[in-house]
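Asker: Sharing query_17.txt below, compact mmCIF, C-alpha atoms:
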```txt
# COMPACT_ATOMS: atom_id res chain seq x y z
CA MET A 1 0.00 0.00 0.00
CA GLY A 2 2.98 2.23 -0.44
CA ALA A 3 1.30 3.96 -3.37
CA ILE A 4 -0.74 6.25 -1.11
CA GLU A 5 0.61 6.00 2.40
CA HIS A 6 3.85 7.39 3.65
CA PRO A 7 6.04 5.19 5.79
CA PRO A 8 5.83 6.03 9.51
CA ILE A 9 8.23 8.60 10.92
CA VAL A 10 10.16 6.16 13.11
CA THR A 11 11.55 3.10 11.37
CA VAL A 12 14.34 0.68 12.20
CA PRO A 13 16.06 -1.02 9.27
CA GLY A 14 15.52 -4.76 9.27
CA VAL A 15 12.46 -4.60 11.53
CA PRO A 16 9.02 -4.56 9.91
CA ASP A 17 7.01 -1.48 10.80
CA HIS A 18 4.13 -3.29 12.45
CA VAL A 19 6.54 -5.28 14.66
CA LEU A 20 8.28 -2.07 15.75
CA TYR A 21 4.97 -0.42 16.60
CA THR A 22 3.82 -3.57 18.39
CA TRP A 23 6.87 -3.15 20.61
CA ILE A 24 5.88 0.46 21.25
CA VAL A 25 2.37 -0.65 22.25
CA MET A 26 3.88 -3.29 24.52
CA ALA A 27 6.13 -0.68 26.12
CA VAL A 28 3.15 1.62 26.71
CA LEU A 29 1.09 -1.17 28.28
CA ILE A 30 3.95 -2.48 30.42
CA GLY A 31 4.73 1.05 31.58
CA LEU A 32 1.09 1.69 32.47
CA SER A 33 0.78 -1.59 34.35
CA PHE A 34 4.03 -0.95 36.21
CA ALA A 35 2.98 2.57 37.15
CA ALA A 36 -0.40 1.30 38.28
CA THR A 37 0.88 -1.51 40.49
CA ARG A 38 4.05 0.01 41.95
CA HIS A 39 2.38 1.67 44.93
CA LEU A 40 -0.85 -0.21 45.43
CA GLU A 41 -3.23 1.69 47.66
CA LEU A 42 -6.55 0.79 49.19
CA VAL A 43 -8.09 3.98 47.90
CA PRO A 44 -6.79 4.12 44.32
CA ARG A 45 -5.55 7.32 42.78
CA GLY A 46 -4.18 8.31 39.41
CA VAL A 47 -3.02 5.52 37.11
CA GLN A 48 -4.13 2.78 39.50
CA ASN A 49 -7.62 4.24 39.54
CA LEU A 50 -7.72 4.36 35.74
CA MET A 51 -6.55 0.79 35.29
CA GLU A 52 -8.97 -0.46 37.94
CA VAL A 53 -11.88 1.22 36.18
CA VAL A 54 -10.82 -0.27 32.85
CA LEU A 55 -10.40 -3.76 34.25
CA GLU A 56 -13.71 -3.52 36.08
CA GLN A 57 -15.38 -2.91 32.73
CA PHE A 58 -13.80 -6.10 31.42
CA LEU A 59 -14.95 -7.99 34.51
CA THR A 60 -18.54 -6.77 34.08
CA LEU A 61 -18.49 -7.86 30.43
CA LEU A 62 -17.09 -11.28 31.33
CA ASP A 63 -19.76 -11.75 34.00
CA ASP A 64 -22.46 -10.74 31.55
CA VAL A 65 -21.35 -12.88 28.63
CA ILE A 66 -19.73 -16.03 30.02
CA GLY A 67 -21.28 -16.10 33.48
CA HIS A 68 -19.66 -16.57 36.82
CA ALA A 69 -16.98 -18.93 35.51
CA GLY A 70 -15.87 -16.18 33.14
CA ARG A 71 -13.51 -14.37 35.50
CA ARG A 72 -10.85 -17.01 34.85
CA TYR A 73 -10.42 -15.66 31.34
CA LEU A 74 -9.82 -12.05 32.39
CA PRO A 75 -6.05 -12.15 31.60
CA LEU A 76 -6.64 -13.31 28.04
CA ILE A 77 -9.55 -11.02 27.22
CA ALA A 78 -8.20 -7.91 28.95
CA THR A 79 -4.77 -8.33 27.39
CA LEU A 80 -6.26 -8.71 23.93
CA GLY A 81 -8.62 -5.79 24.46
CA LEU A 82 -6.00 -3.40 25.83
CA PHE A 83 -3.45 -4.36 23.20
CA ILE A 84 -5.92 -3.87 20.36
CA LEU A 85 -7.28 -0.63 21.80
CA VAL A 86 -3.86 0.95 22.28
CA SER A 87 -2.79 -0.26 18.83
CA ASN A 88 -5.86 1.25 17.20
CA LEU A 89 -5.38 4.54 19.03
CA LEU A 90 -1.71 4.63 18.05
CA GLY A 91 -2.78 4.62 14.41
CA LEU A 92 -4.71 7.86 14.95
CA ILE A 93 -1.56 9.85 15.76
CA PRO A 94 -0.27 11.32 12.51
CA GLY A 95 3.03 9.80 11.48
CA LEU A 96 2.53 6.57 13.41
CA ILE A 97 0.85 3.42 12.17
CA ALA A 98 -1.51 1.00 13.87
CA PRO A 99 0.01 -2.47 14.32
CA THR A 100 -3.52 -3.81 13.90
CA GLY A 101 -3.57 -2.32 10.38
CA ASN A 102 -1.42 -5.29 9.36
CA LEU A 103 -2.94 -8.71 8.77
CA ASN A 104 -0.08 -10.50 10.57
CA THR A 105 -0.86 -8.87 13.92
CA THR A 106 -4.60 -9.46 13.78
CA ALA A 107 -4.18 -13.02 12.51
CA ALA A 108 -1.90 -13.73 15.47
CA CYS A 109 -4.55 -12.44 17.91
CA ALA A 110 -7.31 -14.38 16.15
CA LEU A 111 -5.31 -17.62 16.16
CA ILE A 112 -4.66 -17.24 19.89
CA VAL A 113 -8.41 -16.92 20.47
CA PHE A 114 -9.14 -19.86 18.14
CA ILE A 115 -6.72 -22.24 19.86
CA THR A 116 -7.69 -21.04 23.32
CA TYR A 117 -11.40 -21.56 23.04
CA HIS A 118 -10.97 -25.03 21.58
CA ALA A 119 -8.51 -25.88 24.33
CA ILE A 120 -10.96 -24.62 26.95
CA GLY A 121 -13.78 -26.68 25.48
CA ALA A 122 -11.65 -29.79 25.11
CA ARG A 123 -10.28 -29.51 28.62
CA LYS A 124 -13.73 -29.20 30.08
CA VAL A 125 -15.06 -32.52 28.73
CA GLY A 126 -12.11 -34.31 27.15
CA LEU A 127 -11.08 -34.34 23.54
CA LEU A 128 -13.36 -37.01 22.10
CA PRO A 129 -16.63 -35.81 23.62
CA TYR A 130 -15.75 -32.30 22.48
CA LEU A 131 -15.14 -33.52 18.93
CA LYS A 132 -18.40 -35.44 19.11
CA HIS A 133 -20.15 -32.15 19.55
CA PHE A 134 -19.14 -31.10 16.06
CA ALA A 135 -21.40 -33.82 14.70
CA GLY A 136 -24.36 -31.63 15.58
CA PRO A 137 -27.36 -32.31 17.77
CA LEU A 138 -28.43 -35.43 15.87
CA LEU A 139 -26.03 -37.91 17.39
CA GLY A 140 -27.84 -38.39 20.65
CA ALA A 141 -31.36 -37.87 19.37
CA GLU A 142 -33.74 -40.55 18.11
CA LEU A 143 -35.14 -39.36 14.79
CA PHE A 144 -37.22 -42.35 13.64
CA PRO A 145 -38.75 -45.23 15.54
CA ASN A 146 -37.35 -47.68 12.98
CA ARG A 147 -33.75 -48.34 13.94
CA VAL A 148 -32.46 -49.03 10.42
CA VAL A 149 -33.95 -45.85 8.98
CA ASP A 150 -32.59 -43.92 11.92
CA PHE A 151 -29.09 -45.28 11.37
CA ALA A 152 -29.18 -44.62 7.64
CA PHE A 153 -30.35 -41.07 8.19
CA LYS A 154 -27.58 -40.36 10.64
CA LEU A 155 -25.03 -41.97 8.35
CA ILE A 156 -25.89 -39.36 5.74
CA LEU A 157 -26.44 -36.33 7.94
CA VAL A 158 -23.71 -36.58 10.55
CA PRO A 159 -20.74 -36.31 8.15
CA LEU A 160 -22.46 -33.34 6.53
CA PHE A 161 -22.93 -31.67 9.88
CA PHE A 162 -19.32 -32.39 10.76
CA VAL A 163 -17.98 -30.70 7.64
CA ILE A 164 -20.26 -27.69 8.02
CA GLU A 165 -19.35 -27.23 11.68
CA ILE A 166 -15.64 -27.49 10.92
CA PHE A 167 -15.95 -24.85 8.24
CA SER A 168 -17.98 -22.53 10.43
CA HIS A 169 -15.36 -22.82 13.16
CA LEU A 170 -12.56 -22.18 10.68
CA ALA A 171 -14.36 -19.07 9.48
CA ARG A 172 -14.29 -17.57 12.97
CA PRO A 173 -10.57 -16.69 13.21
CA LEU A 174 -10.65 -15.63 9.57
CA SER A 175 -13.45 -13.16 10.14
CA LEU A 176 -11.96 -11.98 13.46
CA ALA A 177 -8.63 -11.22 11.81
CA LEU A 178 -10.05 -9.74 8.62
CA ARG A 179 -12.58 -7.52 10.42
CA LEU A 180 -9.99 -5.82 12.59
CA PHE A 181 -7.45 -5.58 9.79
CA GLY A 182 -9.98 -4.29 7.28
CA ASN A 183 -11.33 -1.62 9.58
CA MET A 184 -7.93 -0.32 10.59
CA ALA A 185 -6.28 -0.51 7.16
CA GLY A 186 -9.37 0.88 5.45
CA GLY A 187 -9.58 3.82 7.83
CA HIS A 188 -5.90 4.47 7.38
CA ILE A 189 -6.16 4.48 3.59
CA LEU A 190 -9.26 6.66 3.77
CA LEU A 191 -7.47 9.27 5.90
CA ALA A 192 -4.45 9.12 3.60
CA VAL A 193 -6.63 9.70 0.53
CA MET A 194 -8.43 12.60 2.25
CA PHE A 195 -5.11 14.25 3.11
CA LEU A 196 -3.97 13.70 -0.47
CA LEU A 197 -7.13 15.38 -1.80
CA THR A 198 -6.77 18.25 0.67
CA MET A 199 -3.17 18.82 -0.36
CA GLY A 200 -4.24 18.83 -4.00
CA MET A 201 -6.98 21.36 -3.27
CA VAL A 202 -4.61 23.59 -1.31
CA GLY A 203 -2.08 23.42 -4.12
CA TRP A 204 -4.78 24.37 -6.59
CA ALA A 205 -5.92 27.27 -4.42
CA PHE A 206 -2.39 28.68 -4.38
CA SER A 207 -1.94 28.28 -8.12
CA GLY A 208 -2.95 31.90 -8.66
CA SER A 209 -5.90 32.05 -11.05
CA LEU A 210 -9.11 33.58 -9.77
CA GLY A 211 -11.31 30.54 -10.41
CA ALA A 212 -8.83 28.26 -8.68
CA VAL A 213 -8.79 30.47 -5.60
CA GLY A 214 -12.58 30.81 -5.61
CA LEU A 215 -13.19 27.09 -5.85
CA GLY A 216 -10.05 25.64 -4.31
CA LEU A 217 -10.07 27.56 -1.06
CA PRO A 218 -13.65 26.65 -0.02
CA GLY A 219 -13.00 23.11 -1.27
CA ALA A 220 -9.87 22.80 0.82
CA LEU A 221 -11.63 24.21 3.89
CA LEU A 222 -14.55 21.86 3.34
CA LEU A 223 -12.22 18.86 3.06
CA ILE A 224 -10.28 19.87 6.16
CA ALA A 225 -13.51 20.35 8.11
CA PHE A 226 -14.91 17.03 6.89
CA THR A 227 -11.74 15.17 7.78
CA SER A 228 -11.16 16.68 11.18
CA TRP A 229 -14.76 16.92 12.39
CA PHE A 230 -16.28 13.83 10.86
CA LEU A 231 -13.71 11.27 9.74
CA PHE A 232 -11.38 11.62 12.68
CA PRO A 233 -14.08 11.20 15.38
CA LEU A 234 -15.44 8.31 13.30
CA LYS A 235 -12.05 6.64 13.37
CA LEU A 236 -11.84 7.24 17.12
CA LEU A 237 -15.21 5.53 17.51
CA VAL A 238 -14.12 2.67 15.26
CA ALA A 239 -10.93 2.19 17.28
CA PHE A 240 -12.92 1.65 20.48
CA LEU A 241 -15.68 -0.31 18.75
CA GLN A 242 -13.35 -2.77 17.05
CA ALA A 243 -11.46 -3.48 20.27
CA PHE A 244 -14.81 -4.04 22.00
CA ILE A 245 -16.08 -6.29 19.23
CA PHE A 246 -12.93 -8.39 19.18
CA CYS A 247 -13.21 -8.95 22.93
CA MET A 248 -16.95 -9.54 22.73
CA LEU A 249 -16.67 -12.16 20.01
CA SER A 250 -13.77 -13.89 21.79
CA MET A 251 -15.90 -14.04 24.91
CA LEU A 252 -18.86 -15.38 22.93
CA TYR A 253 -16.70 -18.12 21.42
CA ILE A 254 -15.34 -19.07 24.84
CA ALA A 255 -18.86 -19.00 26.27
CA GLY A 256 -20.00 -21.22 23.39
CA ALA A 257 -17.23 -23.73 24.08
CA VAL A 258 -17.94 -23.76 27.83
CA GLN A 259 -21.69 -24.11 27.37
CA GLU A 260 -21.29 -26.79 24.71
CA ALA A 261 -19.16 -28.64 27.17
CA GLU A 262 -21.84 -28.37 29.83
CA HIS A 263 -24.56 -29.71 27.55
CA HIS A 264 -23.03 -33.16 27.28
CA MET B 1 -32.91 2.56 -29.90
CA ARG B 2 -30.43 5.38 -30.25
CA ARG B 3 -30.12 5.66 -26.51
CA SER B 4 -29.39 2.00 -26.04
CA LEU B 5 -26.83 2.15 -28.83
CA MET B 6 -25.16 5.11 -27.14
CA LEU B 7 -25.19 3.27 -23.83
CA THR B 8 -23.63 0.20 -25.39
CA LEU B 9 -20.96 2.28 -27.07
CA MET B 10 -20.18 4.15 -23.87
CA THR B 11 -19.95 0.95 -21.87
CA TRP B 12 -17.78 -0.62 -24.51
CA SER B 13 -15.45 2.35 -24.64
CA VAL B 14 -15.15 2.54 -20.85
CA VAL B 15 -14.41 -1.18 -20.63
CA SER B 16 -12.12 -1.50 -23.60
CA VAL B 17 -10.10 1.69 -23.81
CA PRO B 18 -7.95 1.20 -20.71
CA GLY B 19 -7.49 -2.43 -21.67
CA LEU B 20 -6.42 -1.54 -25.21
CA ALA B 21 -4.14 1.21 -24.00
CA PHE B 22 -2.43 -1.10 -21.53
CA GLY B 23 -2.31 -3.96 -23.99
CA ALA B 24 -0.52 -1.78 -26.50
CA GLU B 25 1.91 -0.59 -23.87
CA GLY B 26 2.94 -3.74 -22.05
CA GLY B 27 4.77 -6.40 -23.98
CA THR B 28 3.79 -9.26 -21.68
CA GLY B 29 0.02 -8.83 -21.92
CA GLY B 30 -0.78 -6.40 -19.10
CA TRP B 31 -4.48 -6.05 -19.83
CA VAL B 32 -5.79 -7.51 -16.57
CA GLY B 33 -4.57 -4.61 -14.42
CA PRO B 34 -7.14 -1.97 -15.51
CA PHE B 35 -9.94 -4.51 -15.24
CA ALA B 36 -8.74 -5.27 -11.72
CA VAL B 37 -9.12 -1.59 -10.83
CA ILE B 38 -12.65 -1.51 -12.30
CA ALA B 39 -13.54 -4.74 -10.52
CA ALA B 40 -12.24 -3.38 -7.22
CA GLY B 41 -14.33 -0.24 -7.55
CA ILE B 42 -17.54 -1.96 -8.64
CA GLY B 43 -17.16 -4.75 -6.13
CA MET B 44 -16.55 -2.38 -3.24
CA GLY B 45 -19.54 -0.29 -4.32
CA ILE B 46 -21.89 -3.27 -4.43
CA ALA B 47 -20.57 -4.68 -1.17
CA SER B 48 -20.79 -1.46 0.81
CA GLY B 49 -24.20 -0.63 -0.64
CA LEU B 50 -25.72 -3.96 0.33
CA CYS B 51 -23.88 -3.87 3.65
CA GLY B 52 -25.48 -0.47 4.27
CA LEU B 53 -28.92 -1.93 3.55
CA GLY B 54 -28.31 -4.80 5.95
CA GLN B 55 -26.95 -2.59 8.69
CA GLY B 56 -29.83 -0.19 8.22
CA ARG B 57 -32.33 -3.00 8.74
CA ALA B 58 -30.47 -4.21 11.82
CA THR B 59 -30.26 -0.73 13.32
CA ALA B 60 -33.92 -0.05 12.55
CA GLY B 61 -34.89 -3.23 14.36
CA ALA B 62 -32.72 -2.37 17.33
CA VAL B 63 -34.07 1.18 17.60
CA ASP B 64 -37.60 -0.16 17.35
CA ALA B 65 -36.89 -2.63 20.12
CA ILE B 66 -35.32 0.03 22.35
CA ALA B 67 -38.34 2.29 21.78
CA ARG B 68 -40.64 -0.50 22.92
CA GLN B 69 -38.48 -1.63 25.82
CA PRO B 70 -36.19 1.14 27.03
CA GLY B 71 -35.20 -0.97 30.01
CA ALA B 72 -33.48 -3.55 27.83
CA ALA B 73 -31.51 -0.90 25.92
CA ALA B 74 -28.08 -2.08 27.05
CA ARG B 75 -28.55 -5.71 26.03
CA ILE B 76 -30.20 -4.78 22.73
CA GLN B 77 -27.33 -2.42 22.00
CA THR B 78 -24.75 -5.13 22.64
CA ALA B 79 -26.57 -7.59 20.40
CA MET B 80 -26.92 -4.92 17.73
CA ILE B 81 -23.23 -4.07 17.79
CA ILE B 82 -22.26 -7.73 17.47
CA GLY B 83 -24.69 -8.15 14.59
CA LEU B 84 -23.39 -5.02 12.89
CA ALA B 85 -19.85 -6.33 13.22
CA LEU B 86 -20.81 -9.61 11.62
CA ILE B 87 -22.60 -7.84 8.76
CA GLU B 88 -19.74 -5.44 8.29
CA SER B 89 -17.19 -8.23 8.03
CA LEU B 90 -18.82 -9.31 4.78
CA ALA B 91 -18.11 -5.92 3.24
CA LEU B 92 -14.62 -6.04 4.68
CA TYR B 93 -13.91 -9.30 2.87
CA VAL B 94 -14.60 -7.41 -0.34
CA PHE B 95 -12.42 -4.55 0.89
CA VAL B 96 -9.54 -6.97 1.43
CA ILE B 97 -10.02 -8.42 -2.04
CA ALA B 98 -10.19 -4.90 -3.52
CA ALA B 99 -7.02 -3.95 -1.70
CA ILE B 100 -5.32 -7.08 -3.01
CA LEU B 101 -6.47 -6.24 -6.55
CA LEU B 102 -5.27 -2.65 -6.26
CA PHE B 103 -2.05 -2.92 -4.30
CA VAL B 104 -0.75 -6.47 -4.50
CA GLN B 105 -1.89 -7.12 -8.09
CA PRO B 106 -1.51 -10.91 -8.18
CA VAL B 107 -2.39 -10.96 -11.89
CA LYS B 108 -0.76 -8.26 -13.95
```
So that I can check it, write out the structure of this file as structure tokens.
Answerer:
Amino acid sequence: MGAIEHPPIVTVPGVPDHVLYTWIVMAVLIGLSFAATRHLELVPRGVQNLMEVVLEQFLTLLDDVIGHAGRRYLPLIATLGLFILVSNLLGLIPGLIAPTGNLNTTAACALIVFITYHAIGARKVGLLPYLKHFAGPLLGAELFPNRVVDFAFKLILVPLFFVIEIFSHLARPLSLALRLFGNMAGGHILLAVMFLLTMGMVGWAFSGSLGAVGLGLPGALLLIAFTSWFLFPLKLLVAFLQAFIFCMLSMLYIAGAVQEAEHH
Amino acid sequence: MRRSLMLTLMTWSVVSVPGLAFGAEGGTGGWVGPFAVIAAGIGMGIASGLCGLGQGRATAGAVDAIARQPGAAARIQTAMIIGLALIESLALYVFVIAAILLFVQPVK
């Protein structure tokens, strides 16, 4: 995408940009956590207060979505959420890029969620019963009173169910990764194109002729106003929303695995 | 009759001129590139338009539900946002494909 976007202002040769900015996000998060937990107080102030409020939001969400057993997964969900949120917000600062605007970062997060929720489900009931669940709800049910017809029906339907379930589970990390990546990269390209257009308009306005000044100056002002008052707040909203949605869907998948496990 | 002829000619010229221009320029048959750009634009337009329709329906339903039951606003909102995300991901698949067509250009 180098055709439109400039490279970020800070680069290290030999290190891909998104990896470098992932390190920056990690440094920010580690610094925040360290500052929050260095002097723990009963009545929190400052950074500790902020982090406690943020983590309490995550706890409320976990309680709402997964239930009371959900607090065990706070480290996973909160880490993912904070990492994605800070990454998205980093992309809003001009000259920096969002690590989540690269498919590698989001695919890594999505794969972690994918493996984790299967591991949680498999650990809850054992591997074979968990795999049995992929065969759909038909396996335990009695469809027809005639035993031969019943068996034949299941022989046809259960493999079909199995394939469909496998595909629907494989689509989950794909859509998780692509959604975050698409939103971040798309927003980034959109802002880049808007700045490009604004620069073109400004250049036209300064070209000297009367018509250019009359049309280019209002056009440039309009573009600047549109970008800074509409697109930028929209991107801010999207940054929070995408982090929330990633966490929410991860929690839903974990809840699905846990509840599936409890059914059998 | 004349209008349809004009329309056909215009469509033909829009579709063929960039292809011809590129084909004349590139020695190794570079006529897919311009079509890739057109496909990216049209595909993204269709995808975001239909995605807008879907999201509009979802939002309308959610607003309706909140108006009937203001007490359940928080849960309805959460469900709506999840649904919107799932709808939006369909348009984003097309965005990814459009970006691949425009920037990666697997077929020149």
Asker: Please measure the separation of CA of Thr79 in chain A and CA of Asp64 in chain A, giving the value in Å to one decimal.
Answerer: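 CA of Thr79 in chain A sits 18.3 Å away from CA of Asp64 in chain A.
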Asker: Give as a compact mmCIF listing (two decimals) with C-alpha atoms, in the coordinates of the input every residue of chain B that touches chain A within 9 Å, counting all atoms listed in the file.
Answerer:
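Full text of selection09.txt as output:
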```
# COMPACT_ATOMS: atom_id res chain seq x y z
CA THR B 78 -24.75 -5.13 22.64
CA ILE B 81 -23.23 -4.07 17.79
CA ILE B 82 -22.26 -7.73 17.47
CA ALA B 85 -19.85 -6.33 13.22
CA LEU B 86 -20.81 -9.61 11.62
CA GLU B 88 -19.74 -5.44 8.29
CA SER B 89 -17.19 -8.23 8.03
CA LEU B 90 -18.82 -9.31 4.78
CA LEU B 92 -14.62 -6.04 4.68
CA TYR B 93 -13.91 -9.30 2.87
CA PHE B 95 -12.42 -4.55 0.89
CA VAL B 96 -9.54 -6.97 1.43
CA ALA B 99 -7.02 -3.95 -1.70
CA LEU B 102 -5.27 -2.65 -6.26
CA PHE B 103 -2.05 -2.92 -4.30
CA VAL B 104 -0.75 -6.47 -4.50
```
Asker: Which neighbours of Asn88 in chain A fall inside 12 Å, counting all atoms listed in the file, when residues of the same chain fewer than 6 positions from it are skipped, and could you give them as a PDB file with C-alpha atoms, in the frame of the given file?
Answerer:
```
ATOM      1  CA  HIS A  18       4.130  -3.290  12.450  1.00  0.00           C
ATOM      2  CA  TYR A  21       4.970  -0.420  16.600  1.00  0.00           C
ATOM      3  CA  THR A  22       3.820  -3.570  18.390  1.00  0.00           C
ATOM      4  CA  VAL A  25       2.370  -0.650  22.250  1.00  0.00           C
ATOM      5  CA  GLY A  81      -8.620  -5.790  24.460  1.00  0.00           C
ATOM      6  CA  LEU A  82      -6.000  -3.400  25.830  1.00  0.00           C
ATOM      7  CA  LEU A  96       2.530   6.570  13.410  1.00  0.00           C
ATOM      8  CA  ILE A  97       0.850   3.420  12.170  1.00  0.00           C
ATOM      9  CA  ALA A  98      -1.510   1.000  13.870  1.00  0.00           C
ATOM     10  CA  PRO A  99       0.010  -2.470  14.320  1.00  0.00           C
ATOM     11  CA  THR A 100      -3.520  -3.810  13.900  1.00  0.00           C
ATOM     12  CA  GLY A 101      -3.570  -2.320  10.380  1.00  0.00           C
ATOM     13  CA  ASN A 102      -1.420  -5.290   9.360  1.00  0.00           C
ATOM     14  CA  THR A 105      -0.860  -8.870  13.920  1.00  0.00           C
ATOM     15  CA  THR A 106      -4.600  -9.460  13.780  1.00  0.00           C
ATOM     16  CA  LEU A 180      -9.990  -5.820  12.590  1.00  0.00           C
ATOM     17  CA  PHE A 181      -7.450  -5.580   9.790  1.00  0.00           C
ATOM     18  CA  ASN A 183     -11.330  -1.620   9.580  1.00  0.00           C
ATOM     19  CA  MET A 184      -7.930  -0.320  10.590  1.00  0.00           C
ATOM     20  CA  ALA A 185      -6.280  -0.510   7.160  1.00  0.00           C
ATOM     21  CA  GLY A 187      -9.580   3.820   7.830  1.00  0.00           C
ATOM     22  CA  HIS A 188      -5.900   4.470   7.380  1.00  0.00           C
ATOM     23  CA  LYS A 235     -12.050   6.640  13.370  1.00  0.00           C
ATOM     24  CA  LEU A 236     -11.840   7.240  17.120  1.00  0.00           C
ATOM     25  CA  LEU A 237     -15.210   5.530  17.510  1.00  0.00           C
ATOM     26  CA  VAL A 238     -14.120   2.670  15.260  1.00  0.00           C
ATOM     27  CA  ALA A 239     -10.930   2.190  17.280  1.00  0.00           C
ATOM     28  CA  PHE A 240     -12.920   1.650  20.480  1.00  0.00           C
ATOM     29  CA  LEU A 241     -15.680  -0.310  18.750  1.00  0.00           C
ATOM     30  CA  GLN A 242     -13.350  -2.770  17.050  1.00  0.00           C
ATOM     31  CA  ALA A 243     -11.460  -3.480  20.270  1.00  0.00           C
ATOM     32  CA  PHE A 244     -14.810  -4.040  22.000  1.00  0.00           C
TER      33      PHE A 244
END
```
Asker: Expressed in Å to a single decimal, how great is the separation between CA of Gln55 in chain B and CA of Ile87 in chain B?
Answerer: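 One can read the CA of Gln55 in chain B to CA of Ile87 in chain B distance as 6.8 Å.
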Asker: CA of Gln57 in chain A and CA of Arg75 in chain B are how many Å apart?
Answerer: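 Interatomic distance here is 15.0 Å.
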Asker: Give me the residues within 9 Å of Met251 in chain A as a VMD selection string, counting all atoms listed in the file and dropping any in the same chain fewer than 6 places off.
Answerer: chain A and resid 61 to 62 65 to 66 70 73 77 117
